[in-house]
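Below is one structure, written out as structure tokens; the observations come after it.
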Amino acid sequence: MIEIIHVSKKFKIWEDRSRDLKETTINFLRGKKRSFRELWALRGIDVRIKKGETVAFIGENGSGKSTLLKLLSGIYTPDEGEIVTQGKISTLLELGVGFHPDLTGEENIFLNGSMLGFNQREMKKKFEEIVNFSEIGDFIYSPIRTYSSGMAMRLAFSIAMCVDPDILLIDEVLAVGDEAFQKKCLERLETFKRSGRTIVLVSHSLEIVQKFCERAILLHGGRVVCDDVPKKTIETYHLVLYGHQEVQGLPVNFEVKGVGTEEIPPHEMTSEAGAETEEEIEGTPEGAQESTQEERAVSTGAEARGAEAIMPEPPLYQRYGTFEAEITEVRMKSEDGTETDSFLSGEMISIRLHIRFHKDIENPNVGIAILRQENGKMIVVHSINTLRKNMNLGLLKRNADIDADFIQRVSLPEGEYYLTVAIINSDGSRSYDWHDHLRTFRIRKLDPCWEAMVDLNSQIVIHS
Amino acid sequence: MKFIEIFKYEDLITNLVSRDFKTRYKRSYLGILWSLLNPFLIIIVYTLAFDYILKIRVRNFPMFFMCAYLPWSYLSASLSVSLTSLSDSGYLIKAIYFPREILPLSIMLSSLLHFLITFIFVFPILMIYGYFPQWSVLSLPVIILLQSLFIFGLCLFLSSIHVFFRDIRYILDVILTIWFWLTPVVYPISLIPDQFLFFYKLNPMTIFVTAYREVLLNGGLPVPQYWIAIVIATSASLLLGYSPFLKIRKRLAEEI
């Protein structure tokens with residue numbers, strides 16, 4: 001059993017790595033501290049892996065999956081949170097690490113075994129099996145330096161396969177040797193799995209993940225985005241990976257109205273949710289929307305793209321999450337109640353999120369953010385959510401529907417704004433549904449009674 | 001407690017020591033014999049230099065020198081080899097979890113093994129020279145154990161520091177040379193002027209070396225003050241070693 005309780009891990013990235021005494025002393029005397037940046041590789045991970053489960057962590061490079069595996073094996077220690085494990089863990093992060101070229105295969109088997117935490121007695125029992133599995137034969141009594149690299153790899157893999165840990169951690173090492181040997185390894189893992197052992201693996205091979213695991217967890221930016229059966233997680237992974245390109249590949253169709261799921265082909269989504277969302281799209285009175293402003297915005301964006309980005313590019317719509325709850329519809333209404341994407345500065349507007357729950361969820365956090373582009377960078381102008389408002393939404397049952405109205409005065413300067421909406425769990429470790437830059441809307445100034453960034457609602461009093 | 005964890009890895013320690021032991025003289029013709037030949041040659045050189053040329057007035061110089069030089073070389077070999085034990089094992093530390101102190105520990109134990117092997121020849125040679133072991137020789141294991149713990153503390157300290165300051169390597173060479181001459185290995189402690197004696201005896205190796213000579217040459221036990229000094233030195237060394245080690249242990253895999 002493995003319990004990962006709200007684990008975060010950060011790395012220090014040294015800007016000026018000085019390792020010699022002279023520099024350190026000089027810096028110390030000058031009172032200069034070594035500067036570093038902090039990089040959070042993992043944030044608030046909560047995962048429970050039951051005994052006998054076969055779980056894969058997937059995600060892009062840098063998503064934190066290997067870091068997580070190293071935390072599980074004890075190589076790294078978490079900066080926040082706790083990891084509780086029960087049973088003997090064997091780690092297969094790098095093959096053949098710790099092999100000594102001058103020692104024989106036999107000696108290396110015992111050395112490597114003890115590094116994995118197995119004693120001499122246990123290794124003696126396994127010795128035959130390891131030698132047979134590796135197909136190395138009499139070479140086992142020769143020093144490893146006489147081996148071909150393939151043989152050394154096979155030996156390393158055989159050791160890890162044949163020792164009997166309760167928990168096996170594997171990082172990207174399944175692609176070993178020829179196809180026949182690979183098949184043998186997978187078969188071995190299969191029996192291992194059937195005997196009720198826990199396997200946690202990190203792999204880029206989605207094929208292996210899908211075939212071999214019963215659960216897959218998608219990490220993105222150091223957070224758990226999806227935790228489901230491999231098929232669904234992989235679908236979400238494709239969304240995260242290619243959602244990007246698909247948006248770019250679209251014709252000048254940046255306007256995302258109503259539900260904002262046009263970029264996501266329905267088959268890419270969870271089947272049930274996909275169908276529903278599609279219906280919603282049909283049902284949204286898109287024609288009723290006033291979109292002249294937006295079209296203008298879109299066309300400038302398109303031109304910019306053609307002209308090598310002289311104008312700032314519009315931000316890309318991205319959607320990700322577990323879809324255990326879905327924001328199926330977003331309506332923006334002006335003060336007089338008409339649905340529009342164009343508002344007057346200082347107007348009271350309401351943003352309604354329609355949320356559907358596919359699972360019982362306890363007190364989720366629903367929020368919106370209003371962003372704008374400033375010198376090519378996205379800045380958050382305003383962000384608000386139910387957690388910040390200290391609201392508790394209580395337990396929301398599966399198949400429940402709620403509407404969340406966000407009502408605010410948009411005392412914002414004239415310009416183009418983007419709306420991001422999201423529903424996440426209460427501690428922010430899990431995104432149920434996150435729509436980045438879902439909508440573009442415009443603020444017009446009718447009565448220029450103030451200038452620049454923010455309306456501070458100033459009163460001017462003259463005393464004479 | 002984390003300190004007890006290393007006992008679960010007893011087989012790893014054994015295997016690492018035997019790896020070090022087997023590979024240290026691998027592909028050399030004389031192999032393990034170098035462990036014996038090396039001190040033997042050094043003893044001849046120092047005897048020529050100090051007994052015949054400089055005419056230092058010590059009874060039976062070769063034996064006098066041997067009893068101090070062997071424990072000294074146990075220390076210096078352990079320190080210079082274990083220095084890089086953490087920083088050179090980045091590949092291991094990043095890939096497998098095991099208590100990290102095992103790395104310097106196994107180097108020290110392997111040096112201990114070499115040290116103990118030399119004793120097979122130390123006793124016969126001593127007897128040829130007319131030094132027969134007395135009952136006090138039974139305290140030898142205790143002295144060796146305490147010296148080993150003392151050395152382990154220093155190994156832990158140096159290997160931890162070396163991860164961050166590679167310069168330590170060059171500083172260590174100098175320190176070992178100075179330390180060697182501040183320790184009564186080639187000359188008797190009686191040559192030290194009285195006013196410096198107190199400071200001179202603050203050097204733990206002075207105490208250790210004197211203890212070895214007392215047991216092996218005089219057949220007596222070190223005086224109680226020496227035992228107390230040895231225990232204090234050993235505890236201080238372990239404290240010195242563990243304090244930086246415990247600090248960096250958690251981040252070792254990232255920093256290497």
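A note on labels: chains of the structure tokens are A, B, ... as shown, every chain counts residues from 1, and ligands are counted from 1 in their shown order.
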
Quiz item: Residues at most 6 Å from region 368-374 of chain A, counting only C-alpha atoms, excluding those fewer than 5 positions away in the same chain, as a ChimeraX atom specification?
Solution: /A:379-384,417-421

Take the residues from that selection and write them out as a CSV table (one decimal), in the first residue's frame, keeping N, CA and C atoms.
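The resulting file, selection.csv, is shown below:
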```csv
chain,number,residue,atom,x,y,z
A,379,ILE,N,-1.9,38.8,-18.0
A,379,ILE,CA,-2.0,39.1,-16.6
A,379,ILE,C,-3.4,38.9,-16.0
A,380,VAL,N,-3.5,38.5,-14.8
A,380,VAL,CA,-4.8,38.2,-14.2
A,380,VAL,C,-5.2,39.5,-13.6
A,381,VAL,N,-6.4,40.0,-14.1
A,381,VAL,CA,-6.9,41.3,-13.7
A,381,VAL,C,-7.7,41.1,-12.4
A,382,HIS,N,-8.4,40.0,-12.4
A,382,HIS,CA,-9.3,39.7,-11.3
A,382,HIS,C,-9.5,38.2,-11.2
A,383,SER,N,-9.5,37.7,-10.0
A,383,SER,CA,-9.7,36.2,-9.8
A,383,SER,C,-10.5,36.0,-8.5
A,384,ILE,N,-11.5,35.2,-8.6
A,384,ILE,CA,-12.4,35.0,-7.4
A,384,ILE,C,-12.9,33.6,-7.5
A,417,TYR,N,-10.7,41.4,-23.0
A,417,TYR,CA,-10.4,40.6,-21.8
A,417,TYR,C,-10.7,39.1,-22.1
A,418,TYR,N,-10.1,38.3,-21.3
A,418,TYR,CA,-10.4,36.8,-21.4
A,418,TYR,C,-10.9,36.3,-20.1
A,419,LEU,N,-11.8,35.3,-20.3
A,419,LEU,CA,-12.4,34.7,-19.1
A,419,LEU,C,-11.9,33.3,-19.0
A,420,THR,N,-11.4,32.9,-17.8
A,420,THR,CA,-11.0,31.6,-17.5
A,420,THR,C,-11.9,31.1,-16.4
A,421,VAL,N,-12.5,29.9,-16.6
A,421,VAL,CA,-13.3,29.3,-15.5
A,421,VAL,C,-12.8,28.0,-15.1
```

Practice problem: Define the interface residues of chain B facing chain A as those within 10 Å, counting only C-alpha atoms, and report them as number ranges by chain. | Solution: B: 8-16, 18-20, 22-23, 26-27, 89, 91-100, 162-168, 249-255

Self-check item: Near-region 116-123 of chain B list (8 Å; only C-alpha atoms; drop same-chain fewer than 4 positions) as JSON, numbers by chain
Solution: {"B": [35, 36, 112, 127, 133]}

Practice problem: Return as a PyMOL selection string the full set of residues in region 79-154 of chain B whose backbone-based DSSP assignment is helix (DSSP H, G or I). | Solution: chain B and resi 79-82+87-95+102-128+135-154

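Nearest residue to Gly415 (chain A) among A:Ile462, A:Asn399, A:Leu68, A:Leu344 is A:Leu344, counting only C-alpha atoms.
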
Practice problem: Might you pull out every residue within 6 Å of region 213-224 of chain A, with only C-alpha atoms counted and same-chain residues fewer than 5 positions away left off, and present them as a list in words? | Solution: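 The filter keeps Ala41, Leu42, Arg43, Thr54, Val55, Ala56, Phe57, Ile58, Gly59, Ser63, Gly64, Val229, Pro230 and Arg430 of chain A.
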
So that I have them on file, write out the residues from the current selection with N, CA and C atoms, as a CSV table (one decimal), in the first residue's frame.
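Dumped to result.csv:
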```csv
chain,number,residue,atom,x,y,z
A,41,ALA,N,8.4,21.0,-8.4
A,41,ALA,CA,8.2,19.9,-9.4
A,41,ALA,C,6.9,19.2,-9.1
A,42,LEU,N,6.4,19.2,-7.9
A,42,LEU,CA,5.2,18.6,-7.5
A,42,LEU,C,4.4,19.5,-6.5
A,43,ARG,N,3.1,19.6,-6.7
A,43,ARG,CA,2.4,20.4,-5.8
A,43,ARG,C,1.2,19.6,-5.3
A,54,THR,N,-2.0,-1.9,-10.1
A,54,THR,CA,-0.9,-1.6,-11.1
A,54,THR,C,-1.2,-0.2,-11.7
A,55,VAL,N,-0.4,0.7,-11.3
A,55,VAL,CA,-0.7,2.1,-11.6
A,55,VAL,C,0.4,2.7,-12.4
A,56,ALA,N,0.0,3.5,-13.4
A,56,ALA,CA,1.0,4.2,-14.2
A,56,ALA,C,0.9,5.7,-14.0
A,57,PHE,N,2.0,6.3,-14.0
A,57,PHE,CA,2.0,7.8,-14.0
A,57,PHE,C,2.4,8.2,-15.4
A,58,ILE,N,1.6,9.0,-16.0
A,58,ILE,CA,1.9,9.5,-17.4
A,58,ILE,C,1.9,11.0,-17.3
A,59,GLY,N,2.5,11.6,-18.4
A,59,GLY,CA,2.6,13.1,-18.4
A,59,GLY,C,3.8,13.5,-19.3
A,63,SER,N,6.7,16.9,-16.1
A,63,SER,CA,5.4,17.0,-15.4
A,63,SER,C,5.6,16.5,-14.0
A,64,GLY,N,6.7,15.9,-13.6
A,64,GLY,CA,7.0,15.5,-12.3
A,64,GLY,C,6.8,14.1,-12.0
A,229,VAL,N,-9.2,5.1,-15.2
A,229,VAL,CA,-8.7,3.9,-15.9
A,229,VAL,C,-7.8,4.4,-17.1
A,230,PRO,N,-6.8,3.6,-17.5
A,230,PRO,CA,-5.9,4.1,-18.5
A,230,PRO,C,-6.5,4.8,-19.7
A,430,ARG,N,-6.6,18.9,-7.5
A,430,ARG,CA,-7.3,18.1,-8.6
A,430,ARG,C,-8.1,19.1,-9.4
```

Assign secondary structure with DSSP using the backbone only, and return the residues of region 115-244 of chain A in strand (DSSP E) as a compact mmCIF listing (two decimals) with C-alpha atoms, in the first residue's frame.
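Here's the written file part31.txt:
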```txt
# COMPACT_ATOMS: atom_id res chain seq x y z
CA ILE A 167 6.08 -2.93 -4.44
CA LEU A 168 7.93 -2.53 -7.70
CA LEU A 169 8.72 0.93 -9.00
CA ILE A 170 9.70 1.11 -12.65
CA ASP A 171 10.82 4.15 -14.59
CA THR A 198 1.84 -3.55 -6.38
CA ILE A 199 3.46 -2.05 -9.44
CA VAL A 200 3.94 1.64 -10.03
CA LEU A 201 5.44 2.62 -13.33
CA VAL A 202 6.29 5.72 -15.25
CA ARG A 215 -5.15 2.73 -13.40
CA ALA A 216 -3.33 5.69 -14.85
CA ILE A 217 -2.65 9.03 -13.28
CA LEU A 218 -1.93 12.04 -15.42
CA LEU A 219 0.45 14.60 -14.03
CA HIS A 220 0.59 18.03 -15.57
CA ARG A 223 -0.34 18.28 -10.27
CA VAL A 224 -2.68 15.38 -10.65
CA VAL A 225 -5.00 16.24 -13.47
CA CYS A 226 -6.63 12.93 -14.02
CA ASP A 227 -6.78 9.68 -12.12
CA ASP A 228 -8.82 7.07 -13.90
```

Self-check item: Test item: residues at most 8 Å from region 347-361 of chain A, only C-alpha atoms, excluding those fewer than 2 positions along its chain, as a PyMOL selection string
Solution: chain A and resi 323-335+343-345+363-364+395-411

Quiz item: Separation of CA of Leu155 (chain A) and CA of Ser134 (chain A), in Å?
Solution: 5.2 Å

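A straight line drawn from CA of Thr177 (chain B) to CA of Asn27 (chain A) is 29.2 Å long.
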